[in-house]
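Content type compact mmCIF, C-alpha atoms, from the file coords-v7.txt:
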```
# COMPACT_ATOMS: atom_id res chain seq x y z
CA MET V 1 4.29 -78.98 164.65
CA LYS V 2 3.48 -80.71 161.39
CA ASP V 3 5.36 -83.75 162.58
CA ILE V 4 3.22 -84.00 165.67
CA PHE V 5 0.06 -84.04 163.58
CA THR V 6 1.32 -86.62 161.13
CA ASP V 7 2.45 -88.73 164.04
CA LEU V 8 -0.94 -88.39 165.71
CA TYR V 9 -2.69 -89.24 162.46
CA LYS V 10 -0.56 -92.33 162.07
CA LYS V 11 -1.33 -93.45 165.58
CA VAL V 12 -5.07 -92.95 165.16
CA ALA V 13 -5.05 -94.62 161.76
CA GLY V 14 -2.94 -97.42 163.15
CA PHE V 15 -5.41 -97.96 165.96
CA PHE V 16 -8.24 -98.53 163.55
CA GLN V 17 -6.17 -100.62 161.22
CA THR V 18 -4.80 -103.09 163.73
CA GLN V 19 -7.82 -105.33 163.51
CA GLU V 20 -7.65 -105.57 159.75
CA LYS V 21 -3.92 -106.02 159.63
CA GLU V 22 -3.17 -109.38 158.03
CA ASP V 23 0.52 -109.29 157.30
CA ASN V 24 1.64 -109.94 160.85
CA ALA V 25 4.99 -111.53 161.57
CA LYS V 26 3.42 -114.89 162.39
CA ASP V 27 1.51 -115.24 159.12
CA VAL V 28 4.51 -114.12 157.12
CA ALA V 29 6.63 -116.69 158.93
CA VAL V 30 4.11 -119.48 158.38
CA ASN V 31 3.80 -118.73 154.68
CA ARG V 32 7.53 -118.40 154.10
CA MET V 33 8.08 -121.56 156.11
CA LYS V 34 5.62 -123.57 154.01
CA LEU V 35 7.16 -122.35 150.80
CA VAL V 36 10.75 -122.98 151.80
CA LEU V 37 9.98 -126.46 153.15
CA MET V 38 8.14 -127.29 149.96
CA GLN V 39 11.26 -126.39 148.04
CA ASP V 40 13.48 -128.32 150.45
CA ARG V 41 11.33 -131.42 150.29
CA THR V 42 10.86 -131.53 146.55
CA ASN V 43 14.11 -130.01 145.27
CA LEU V 44 11.99 -127.71 143.13
CA THR V 45 13.59 -124.31 142.79
CA PRO V 46 11.44 -121.18 142.46
CA PHE V 47 12.45 -121.08 138.79
CA LEU V 48 11.18 -124.60 138.16
CA LEU V 49 7.98 -123.93 140.09
CA GLU V 50 7.31 -120.87 137.99
CA LYS V 51 7.96 -122.87 134.84
CA MET V 52 5.59 -125.58 136.02
CA ARG V 53 2.97 -122.98 136.79
CA GLY V 54 3.36 -121.39 133.37
CA GLU V 55 3.02 -124.71 131.58
CA MET V 56 -0.04 -125.65 133.61
CA ILE V 57 -1.69 -122.35 132.78
CA ALA V 58 -1.01 -122.89 129.09
CA VAL V 59 -2.70 -126.30 129.21
CA LEU V 60 -5.64 -125.30 131.38
CA ALA V 61 -6.29 -122.12 129.41
CA LYS V 62 -7.39 -124.28 126.51
CA TYR V 63 -10.37 -125.58 128.43
CA VAL V 64 -11.38 -123.00 131.00
CA GLU V 65 -11.15 -119.31 131.44
CA MET V 66 -9.50 -118.64 134.77
CA ASP V 67 -8.10 -115.93 136.93
CA GLN V 68 -4.42 -116.50 136.21
CA GLU V 69 -3.24 -114.08 138.86
CA ALA V 70 -5.10 -115.91 141.60
CA LEU V 71 -3.89 -119.37 140.57
CA GLU V 72 -2.24 -121.01 143.53
CA LEU V 73 0.18 -123.88 143.41
CA ASN V 74 1.04 -125.50 146.73
CA PHE V 75 2.36 -128.67 148.20
CA GLU V 76 0.48 -129.94 151.20
CA GLN V 77 1.43 -132.64 153.59
CA GLU V 78 -1.41 -135.03 154.21
CA GLY V 79 -0.17 -137.52 156.73
CA GLU V 80 2.58 -139.50 155.09
CA GLN V 81 1.85 -138.30 151.61
CA MET V 82 2.63 -135.03 149.97
CA ALA V 83 -0.02 -133.63 147.68
CA LEU V 84 0.29 -131.06 144.95
CA MET V 85 -2.61 -128.68 145.42
CA LEU V 86 -3.66 -126.49 142.53
CA SER V 87 -6.33 -123.94 143.23
CA ILE V 88 -7.74 -122.23 140.16
CA PRO V 89 -10.50 -119.67 140.35
CA VAL V 90 -12.53 -120.49 137.21
CA LEU V 91 -14.16 -117.44 135.70
CA ARG V 92 -16.10 -119.22 133.02
CA ALA V 93 -16.11 -122.58 131.33
CA LYS V 94 -15.38 -122.36 127.65
CA ASP V 95 -18.00 -123.77 125.31
CA ASP V 96 -17.43 -126.68 122.96
CA GLU V 97 -16.79 -124.55 119.90
CA GLU V 98 -14.10 -122.50 121.55
CA ILE V 99 -12.33 -125.55 122.90
CA GLN V 100 -12.63 -127.35 119.59
CA ALA V 101 -11.20 -124.37 117.72
CA ILE V 102 -8.17 -124.25 119.99
CA LEU V 103 -7.63 -127.99 119.82
CA ASP V 104 -7.94 -127.98 116.03
CA ALA V 105 -5.45 -125.15 115.71
CA GLU V 106 -3.09 -126.96 118.00
CA ALA V 107 -3.43 -130.26 116.15
CA ALA V 108 -2.83 -128.53 112.84
CA ALA V 109 0.22 -126.75 114.18
CA LYS V 110 1.56 -129.99 115.59
CA GLU V 111 1.03 -131.82 112.33
CA LYS V 112 2.78 -129.12 110.42
CA ALA V 113 5.66 -129.05 112.86
CA GLU V 114 6.01 -132.80 112.65
CA ALA V 115 5.87 -132.80 108.90
CA GLU V 116 8.47 -130.10 108.76
CA ALA V 117 10.63 -131.87 111.28
CA ALA V 118 10.46 -134.98 109.13
CA GLU V 119 11.32 -132.93 106.08
CA GLU V 120 14.14 -131.35 107.95
CA SER V 121 15.67 -134.66 108.90
CA GLU V 122 15.40 -135.82 105.33
CA GLU V 123 17.07 -132.69 104.14
CA GLU V 124 19.72 -133.00 106.78
CA SER V 125 20.68 -136.34 105.38
CA THR V 126 21.16 -134.74 101.95
CA GLU V 127 23.04 -131.92 103.67
CA ASP V 128 21.32 -129.03 101.96
CA GLU V 129 22.05 -126.14 104.30
CA GLU V 130 19.89 -123.46 102.70
CA GLU V 131 16.79 -125.56 102.83
CA VAL V 132 17.32 -126.44 106.47
CA GLU V 133 17.50 -122.79 107.42
CA GLU V 134 14.21 -122.05 105.75
CA THR V 135 12.35 -124.83 107.48
CA ASP V 136 13.76 -123.73 110.82
CA GLU V 137 12.13 -120.35 110.40
CA ASP V 138 8.87 -121.97 109.45
CA VAL V 139 8.79 -124.04 112.61
CA GLU V 140 9.41 -120.99 114.72
CA GLU V 141 6.56 -119.17 113.07
CA VAL V 142 4.16 -121.98 113.73
CA ILE V 143 5.04 -122.04 117.40
CA GLU V 144 4.66 -118.29 117.68
CA GLU V 145 1.27 -118.39 116.10
CA GLU V 146 0.06 -121.01 118.54
CA VAL V 147 1.06 -118.95 121.55
CA CYS V 148 -0.55 -115.87 120.14
CA THR V 149 -3.90 -117.50 119.51
CA VAL V 150 -4.10 -118.63 123.09
CA GLU V 151 -3.25 -115.16 124.28
CA VAL V 152 -5.83 -113.56 122.06
CA GLU V 153 -8.54 -115.85 123.36
CA GLU V 154 -7.66 -114.94 126.90
CA SER V 155 -7.43 -111.20 126.43
CA GLU V 156 -10.60 -111.05 124.36
CA GLU V 157 -12.63 -112.62 127.09
CA ILE V 158 -11.08 -110.83 130.02
CA SER V 159 -11.01 -107.67 127.86
CA GLU V 160 -8.27 -105.93 129.79
CA SER V 161 -7.44 -103.32 127.17
CA PRO V 162 -9.04 -103.35 123.76
CA ASP V 163 -5.95 -101.81 122.18
CA GLU V 164 -3.80 -104.69 123.15
CA VAL V 165 -6.25 -107.20 121.82
CA GLU V 166 -6.42 -105.44 118.52
CA GLU V 167 -2.68 -105.32 118.32
CA LEU V 168 -2.43 -109.01 119.01
CA GLU V 169 -5.10 -109.79 116.49
CA GLU V 170 -3.30 -107.74 113.92
CA GLU V 171 -0.10 -109.54 114.69
CA THR V 172 -1.62 -112.95 114.26
CA THR V 173 -3.43 -112.01 111.08
CA THR V 174 -0.27 -110.60 109.60
CA LYS V 175 1.57 -113.75 110.51
CA LYS V 176 -1.14 -115.88 109.03
CA SER V 177 -1.10 -113.91 105.82
CA LYS V 178 2.68 -114.14 105.75
CA LYS V 179 2.41 -117.86 105.98
CA LYS V 180 -0.14 -118.01 103.24
CA MET R 181 15.58 -155.85 181.26
CA THR R 182 15.64 -154.16 177.87
CA GLY R 183 15.52 -150.41 177.96
CA ARG R 184 14.46 -147.93 175.33
CA VAL R 185 17.09 -145.96 173.43
CA ILE R 186 15.91 -142.45 172.61
CA VAL R 187 18.00 -139.93 170.69
CA ILE R 188 17.45 -136.22 171.32
CA THR R 189 18.26 -134.28 168.20
CA SER R 190 17.44 -131.04 166.38
CA GLY R 191 19.68 -130.23 163.44
CA LYS R 192 20.13 -126.64 164.48
CA GLY R 193 22.35 -125.80 167.42
CA GLY R 194 21.27 -123.84 170.44
CA VAL R 195 17.63 -124.90 170.48
CA GLY R 196 17.97 -126.83 173.73
CA LYS R 197 18.97 -130.41 172.97
CA THR R 198 21.33 -130.70 175.90
CA THR R 199 18.98 -128.90 178.29
CA THR R 200 16.20 -131.21 177.17
CA SER R 201 18.37 -134.31 177.59
CA ALA R 202 19.44 -133.29 181.09
CA ASN R 203 15.90 -132.47 182.18
CA ILE R 204 14.11 -135.44 180.68
CA GLY R 205 16.82 -137.73 182.06
CA THR R 206 16.52 -136.25 185.53
CA ALA R 207 12.72 -136.28 185.43
CA LEU R 208 12.65 -139.95 184.38
CA ALA R 209 15.15 -140.83 187.12
CA LYS R 210 13.06 -138.95 189.68
CA ALA R 211 10.08 -141.01 188.56
CA GLY R 212 12.04 -144.13 189.52
CA GLN R 213 13.39 -145.15 186.14
CA LYS R 214 16.98 -146.20 185.64
CA VAL R 215 18.49 -143.79 183.13
CA VAL R 216 21.80 -143.34 181.32
CA LEU R 217 22.52 -140.12 179.48
CA ILE R 218 25.08 -140.34 176.67
CA ASP R 219 26.75 -137.16 175.45
CA THR R 220 27.81 -137.76 171.84
CA ASP R 221 28.91 -134.19 171.21
CA ILE R 222 32.60 -135.08 171.18
CA GLY R 223 34.86 -132.06 171.34
CA LEU R 224 32.01 -129.81 172.51
CA ARG R 225 30.64 -131.58 175.56
CA ASN R 226 28.21 -129.73 177.80
CA LEU R 227 25.83 -132.24 179.29
CA ASP R 228 28.24 -132.65 182.23
CA LEU R 229 27.96 -128.93 182.97
CA LEU R 230 24.19 -128.92 182.95
CA LEU R 231 24.12 -131.80 185.40
CA GLY R 232 26.87 -130.28 187.55
CA LEU R 233 29.10 -133.33 187.03
CA GLU R 234 32.00 -131.66 185.25
CA ASN R 235 34.45 -132.35 188.09
CA ARG R 236 33.61 -136.01 188.43
CA ILE R 237 34.43 -137.22 184.96
CA VAL R 238 37.31 -139.67 184.87
CA TYR R 239 36.65 -141.69 181.71
CA THR R 240 34.72 -140.73 178.59
CA ILE R 241 32.92 -142.60 175.83
CA VAL R 242 36.09 -142.50 173.73
CA ASP R 243 38.01 -144.22 176.53
CA VAL R 244 35.36 -146.94 176.45
CA VAL R 245 35.58 -147.59 172.71
CA GLU R 246 39.37 -147.46 172.80
CA GLU R 247 39.27 -149.96 175.66
CA ARG R 248 41.05 -147.92 178.28
CA CYS R 249 38.24 -148.73 180.72
CA LYS R 250 35.10 -150.81 181.15
CA LEU R 251 31.76 -149.28 180.18
CA LYS R 252 30.51 -149.32 183.76
CA GLN R 253 33.64 -147.55 184.98
CA ALA R 254 32.94 -144.61 182.65
CA LEU R 255 29.40 -144.05 183.96
CA VAL R 256 29.28 -141.05 186.30
CA LYS R 257 26.55 -141.22 188.93
CA ASP R 258 24.40 -138.14 189.44
CA LYS R 259 24.89 -136.17 192.65
CA LYS R 260 21.32 -136.46 193.83
CA ASN R 261 19.78 -139.31 191.98
CA PRO R 262 21.38 -142.76 192.02
CA ASN R 263 19.09 -143.83 189.16
CA LEU R 264 20.81 -141.41 186.81
CA CYS R 265 24.21 -141.87 185.14
CA LEU R 266 26.16 -139.91 182.58
CA LEU R 267 28.46 -141.26 179.91
CA ALA R 268 30.43 -138.15 179.02
CA ALA R 269 31.92 -137.14 175.69
CA ALA R 270 35.65 -136.60 175.24
CA GLN R 271 36.55 -132.96 175.04
CA THR R 272 39.93 -133.25 173.33
CA ARG R 273 38.86 -135.36 170.35
CA ASP R 274 36.46 -134.96 167.43
CA LYS R 275 33.45 -136.76 165.97
CA SER R 276 35.61 -139.22 164.02
CA ALA R 277 36.73 -140.80 167.31
CA LEU R 278 33.50 -142.85 167.27
CA SER R 279 31.81 -145.01 164.68
CA GLN R 280 28.17 -145.93 164.26
CA GLU R 281 28.84 -149.56 165.12
CA GLN R 282 30.64 -148.60 168.32
CA LEU R 283 27.77 -146.42 169.48
CA LYS R 284 25.29 -149.10 168.58
CA SER R 285 27.08 -151.67 170.69
CA ILE R 286 27.38 -149.25 173.62
CA CYS R 287 23.61 -148.61 173.47
CA GLU R 288 22.96 -152.35 173.26
CA GLU R 289 25.05 -152.93 176.34
CA LEU R 290 23.55 -150.04 178.33
CA LYS R 291 19.94 -150.97 177.67
CA GLU R 292 20.55 -154.35 179.30
CA PHE R 293 20.60 -152.77 182.75
CA ASN R 294 18.68 -149.48 182.22
CA ASP R 295 15.10 -148.47 181.50
CA PHE R 296 16.15 -145.56 179.35
CA VAL R 297 19.24 -144.69 177.35
CA LEU R 298 19.01 -141.06 176.25
CA VAL R 299 21.46 -140.00 173.54
CA ASP R 300 22.24 -136.28 173.37
CA CYS R 301 23.00 -135.61 169.72
CA PRO R 302 25.34 -132.90 168.42
CA ALA R 303 24.07 -130.21 166.05
CA GLY R 304 24.33 -130.84 162.34
CA ILE R 305 23.57 -133.81 160.11
CA GLU R 306 27.08 -135.16 159.62
CA GLN R 307 28.95 -137.98 161.28
CA GLY R 308 28.12 -136.87 164.83
CA PHE R 309 24.42 -137.04 164.06
CA GLN R 310 24.74 -140.35 162.23
CA ASN R 311 26.63 -141.80 165.20
CA ALA R 312 24.07 -140.55 167.70
CA ILE R 313 21.08 -142.06 165.92
CA ALA R 314 22.86 -145.34 165.19
CA GLY R 315 21.72 -147.16 168.32
CA ALA R 316 18.35 -145.48 168.81
CA THR R 317 14.88 -146.77 168.06
CA GLU R 318 13.05 -143.61 169.10
CA ALA R 319 13.77 -139.92 168.59
CA ILE R 320 12.75 -136.62 170.11
CA ILE R 321 13.21 -133.69 167.78
CA VAL R 322 13.75 -130.45 169.65
CA THR R 323 12.82 -127.25 167.87
CA THR R 324 11.78 -123.70 168.67
CA PRO R 325 9.07 -121.69 166.90
CA GLU R 326 11.68 -119.95 164.75
CA MET R 327 12.00 -120.42 161.03
CA SER R 328 15.58 -121.65 160.97
CA ALA R 329 14.96 -124.20 163.73
CA VAL R 330 11.76 -125.47 162.07
CA ARG R 331 13.48 -125.82 158.73
CA ASP R 332 16.32 -127.81 160.25
CA ALA R 333 13.85 -129.96 162.18
CA ASP R 334 12.13 -130.77 158.90
CA ARG R 335 15.40 -131.91 157.45
CA ILE R 336 16.06 -134.09 160.50
CA ILE R 337 12.59 -135.62 160.23
CA GLY R 338 13.38 -136.51 156.63
CA LEU R 339 16.62 -138.21 157.66
CA LEU R 340 14.94 -140.08 160.53
CA GLU R 341 12.17 -141.27 158.23
CA ALA R 342 14.77 -142.77 155.95
CA LYS R 343 16.28 -144.76 158.81
CA GLU R 344 14.45 -148.02 159.38
CA GLU R 345 15.62 -148.54 162.96
CA ILE R 346 13.80 -145.41 164.15
CA GLU R 347 10.34 -146.69 165.03
CA SER R 348 8.85 -143.42 166.24
CA TYR R 349 9.78 -139.79 166.55
CA LYS R 350 8.09 -136.95 168.38
CA LEU R 351 8.44 -133.20 168.41
CA LEU R 352 9.37 -131.15 171.44
CA LEU R 353 8.69 -127.45 171.00
CA ASN R 354 11.05 -125.47 173.16
CA ARG R 355 11.20 -121.83 174.21
CA VAL R 356 7.61 -120.97 173.35
CA ARG R 357 6.72 -117.40 174.26
CA PRO R 358 2.95 -117.19 174.80
CA ASN R 359 2.96 -113.40 174.70
CA LEU R 360 4.54 -113.28 171.26
CA VAL R 361 2.22 -116.00 170.01
CA LYS R 362 -0.77 -114.12 171.32
CA SER R 363 0.26 -110.91 169.60
CA ASN R 364 0.74 -112.84 166.34
CA ASP R 365 4.44 -112.11 166.26
CA MET R 366 5.54 -115.72 166.51
CA MET R 367 4.47 -119.05 165.08
CA SER R 368 2.15 -120.89 167.43
CA VAL R 369 2.46 -124.49 168.57
CA ASP R 370 -0.29 -125.47 166.12
CA ASP R 371 1.49 -123.73 163.26
CA VAL R 372 4.71 -125.63 163.85
CA VAL R 373 2.95 -128.98 164.31
CA ASP R 374 0.96 -128.32 161.15
CA ILE R 375 4.02 -127.35 159.12
CA LEU R 376 6.11 -130.31 160.25
CA SER R 377 3.15 -132.71 160.51
CA CYS R 378 4.78 -134.47 163.43
CA SER R 379 3.09 -135.34 166.71
CA LEU R 380 4.05 -133.52 169.89
CA ILE R 381 5.64 -134.87 173.04
CA GLY R 382 5.97 -131.56 174.82
CA ILE R 383 5.72 -127.79 174.85
CA ILE R 384 8.30 -125.99 176.96
CA PRO R 385 7.74 -122.31 177.72
CA GLU R 386 10.63 -119.87 177.62
CA ASP R 387 11.88 -119.62 181.18
CA THR R 388 14.74 -117.51 182.52
CA GLY R 389 15.07 -120.13 185.24
CA VAL R 390 16.80 -122.35 182.68
CA ILE R 391 19.77 -119.97 182.65
CA THR R 392 20.10 -119.90 186.42
CA SER R 393 19.67 -123.64 186.68
CA THR R 394 22.43 -124.16 184.10
CA ASN R 395 24.66 -121.83 186.09
CA LYS R 396 24.05 -123.86 189.20
CA GLY R 397 24.50 -127.15 187.40
CA GLU R 398 21.09 -128.35 188.39
CA PRO R 399 18.38 -129.27 185.89
CA ILE R 400 15.28 -127.12 186.13
CA VAL R 401 13.07 -130.14 186.84
CA ASN R 402 14.47 -129.99 190.38
CA ASP R 403 12.73 -126.61 190.81
CA GLU R 404 9.14 -127.41 191.77
CA ASN R 405 7.88 -123.90 191.03
CA SER R 406 9.24 -123.62 187.51
CA LEU R 407 6.82 -123.79 184.60
CA ALA R 408 9.51 -125.16 182.29
CA GLY R 409 10.42 -127.76 184.90
CA GLN R 410 6.80 -128.82 185.16
CA ALA R 411 6.62 -129.06 181.37
CA TYR R 412 9.68 -131.35 181.34
CA HIS R 413 8.12 -133.54 184.02
CA ASN R 414 5.08 -133.88 181.79
CA VAL R 415 7.29 -134.89 178.86
CA ALA R 416 8.87 -137.60 181.02
CA LYS R 417 5.41 -138.87 181.99
CA ARG R 418 4.33 -138.95 178.36
CA ILE R 419 7.46 -140.93 177.49
CA MET R 420 6.45 -143.43 180.15
CA GLY R 421 3.08 -143.76 178.46
CA GLU R 422 0.87 -141.56 180.60
CA GLU R 423 -1.64 -139.29 178.95
CA ILE R 424 -1.04 -135.78 180.20
CA ASP R 425 -2.65 -132.61 178.85
CA PHE R 426 -0.32 -129.99 177.47
CA LEU R 427 0.28 -127.02 179.77
CA ASP R 428 -2.05 -124.10 179.28
CA LEU R 429 0.53 -121.44 178.55
CA ASP R 430 -2.12 -118.75 178.49
CA ALA R 431 -2.82 -119.35 182.16
CA PRO R 432 -2.45 -116.06 184.02
CA LYS R 433 0.24 -115.82 186.65
CA GLY R 434 -0.42 -112.58 188.56
CA ILE R 435 -3.28 -111.90 190.96
CA ILE R 436 -4.75 -109.21 188.72
CA GLN R 437 -4.82 -111.55 185.73
CA LYS R 438 -6.42 -114.23 187.86
CA ILE R 439 -9.17 -111.83 188.88
CA GLN R 440 -9.58 -110.78 185.28
CA LYS R 441 -9.88 -114.37 184.20
CA PHE R 442 -12.39 -115.06 186.95
CA PHE R 443 -14.64 -112.24 185.78
CA ALA R 444 -14.14 -113.14 182.15
CA GLY R 445 -15.25 -116.66 183.04
CA LEU R 446 -18.35 -115.39 184.83
CA PHE R 447 -19.21 -113.16 181.92
CA SER R 448 -18.92 -115.89 179.33
CA LYS R 449 -21.05 -118.20 181.43
CA GLU R 450 -23.79 -115.58 181.70
CA GLN R 451 -23.75 -115.19 177.97
CA LYS R 452 -24.38 -118.85 177.51
```
Show me this structure written as structure tokens.
Amino acid sequence: MKDIFTDLYKKVAGFFQTQEKEDNAKDVAVNRMKLVLMQDRTNLTPFLLEKMRGEMIAVLAKYVEMDQEALELNFEQEGEQMALMLSIPVLRAKDDEEIQAILDAEAAAKEKAEAEAAEESEEESTEDEEEVEETDEDVEEVIEEEVCTVEVEESEEISESPDEVEELEEETTTKKSKKK
Amino acid sequence: MTGRVIVITSGKGGVGKTTTSANIGTALAKAGQKVVLIDTDIGLRNLDLLLGLENRIVYTIVDVVEERCKLKQALVKDKKNPNLCLLAAAQTRDKSALSQEQLKSICEELKEFNDFVLVDCPAGIEQGFQNAIAGATEAIIVTTPEMSAVRDADRIIGLLEAKEEIESYKLLLNRVRPNLVKSNDMMSVDDVVDILSCSLIGIIPEDTGVITSTNKGEPIVNDENSLAGQAYHNVAKRIMGEEIDFLDLDAPKGIIQKIQKFFAGLFSKEQK
């Protein structure tokens, strides 16, 4: 008896849903088709595409605040040419100060990394193993810090969960203090 | 006279290359053109069956290249249409029995006394395919609105693009099922054209008549009442340079649907 009712409910619900249904076999086929042909034509594997996407987000996040989940990366055929189409829903443009702060931090980090790399190579030539190990750690820390600051900026503005932001902030501050 | 050499290819097997070759060839011959069909599917020949010529084959294309006979001796005349000839593939050999140069020279020779040389290509992208496209300057890519066929067609388009001798290529969409397209269960003609970004030469509806016509060894273009046959005739006309509208596959067949369409038409006019 229960089965009959659930069945009936499903049928009625299905009747009203048919018009809104979007995931029909045709659309699924078209979307899968476009994706697989894009991979075939470019030799870009899903892994490489994801990597490309991640790197693009990291760059773009410095200048605009965007909806990262809705970022779309597609290849489109326009006549003879293939175009890489990137669609980014921009939530808010960052102001000059914010951008400058990020760029400054990045430049500083880069300088430091370069300086340390130079030091490292010098030390390598003298073959001092202990010293080399130390500088390696330093470089890692610098890179970590850079990633974190970008993340903090993002999560502060989107304010997903305040706890997380605090945690991240704590992390970065502790790292900064460590460095000092 | 210098004829056109058109290769009919698809990548994937079973999408209707041979059926398409037989029907376009017959349709062109019926329109008064002199046509030679070449079956390059060596070891797996079937074009002879579709034309009902399987019992008339004496020499094959391999006999020609190995100089056991003259080219003209190997051409099998069609039962009904004297304008149409078949150069059959050998059944007991494999694709390595031919080379690209040999096929090229056969095409060169055939186009001297024919309007059209249609090359039926084997499935795949290996030597058989490379041989088949060697002498051609035009291509028809046969595909169906299925993912695997479309993907393979895309690959073929890429290979044809890379070949300088191919001046133009067109897409023939086979086995379209209007009902499934209408219910959004299948990719539409527009979807496939959009995905492959290749211009169309024909849309052939799925037709059970193709099976019976194959069984009888008679191309479906000989059946005046068949929708698929009509579609193939239109393809032949387009090849000859005529501008023909694509068939309206949504056109109702039964009396009830016709009445429905009539009233629907009236209603929409009143609304305007």
Within 8 Å of chain V: each chain R residue with its shortest pair, only C-alpha atoms, as CSV:
```
residue,atom,partner,partner_atom,distance
R:Met327,CA,V:Met33,CA,6.4
R:Arg331,CA,V:Leu37,CA,6.6
R:Asp334,CA,V:Leu37,CA,7.5
R:Val361,CA,V:Lys26,CA,7.8
R:Asn364,CA,V:Lys26,CA,5.2
R:Asp365,CA,V:Ala25,CA,4.8
R:Met366,CA,V:Lys26,CA,4.7
R:Met367,CA,V:Lys26,CA,5.1
R:Ser368,CA,V:Lys26,CA,7.9
R:Asp371,CA,V:Val30,CA,7.0
R:Ile375,CA,V:Lys34,CA,6.6
R:Ser377,CA,V:Gly79,CA,7.0
```
Handout entry: From R:Gly205, R:Pro262, R:Gly421, R:Gly389, residue lying nearest R:Val297 [only C-alpha atoms]
Key =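 Closest residue, counting only C-alpha atoms: R:Gly205.
Between atom CA of R:Ala277 and atom CA of R:Val242 lies a distance of 6.7 Å.
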Problem - V:Ser87 environment, 7 Å, only C-alpha atoms, sequence neighbours closer than 5 positions dropped, as a PyMOL selection string - result: chain V and resi 71-73
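Minimum atom-to-atom distance to V:Arg92, evaluated using all atoms listed in the file, belongs to V:Val64 out of V:Leu49, V:Val64, V:Ala107, V:Glu119.
Atom pair atom CA of R:Gln271 / atom CA of R:Glu386 has a distance of 29.2 Å (rounded to one decimal).
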Handout entry: Atomic separation - atom CA of R:Gly382 relative to atom CA of R:Leu224, Å
Key =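 About the pair atom CA of R:Leu224 and atom CA of R:Gly382: they are 26.2 Å apart.
Ranking R:Ile313, R:Val238, R:Val322, R:Leu290 by their shortest atom-to-atom distance to R:Arg184, with all atoms listed in the file included, puts R:Leu290 first.
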Practice task
Would you list the contacts of R:Lys197 as a ChimeraX atom specification, taking every protein, DNA or RNA residue within 7 Å and counting all atoms listed in the file, but skipping same-chain residues closer than 4 positions in sequence?
Solution key: /R:188-190,201,300,322
Handout entry: Which residue of V:Ala101, V:Asn43, V:Met56, V:Ile4 approaches V:Gln68 most closely, using only C-alpha atoms
Key = V:Met56
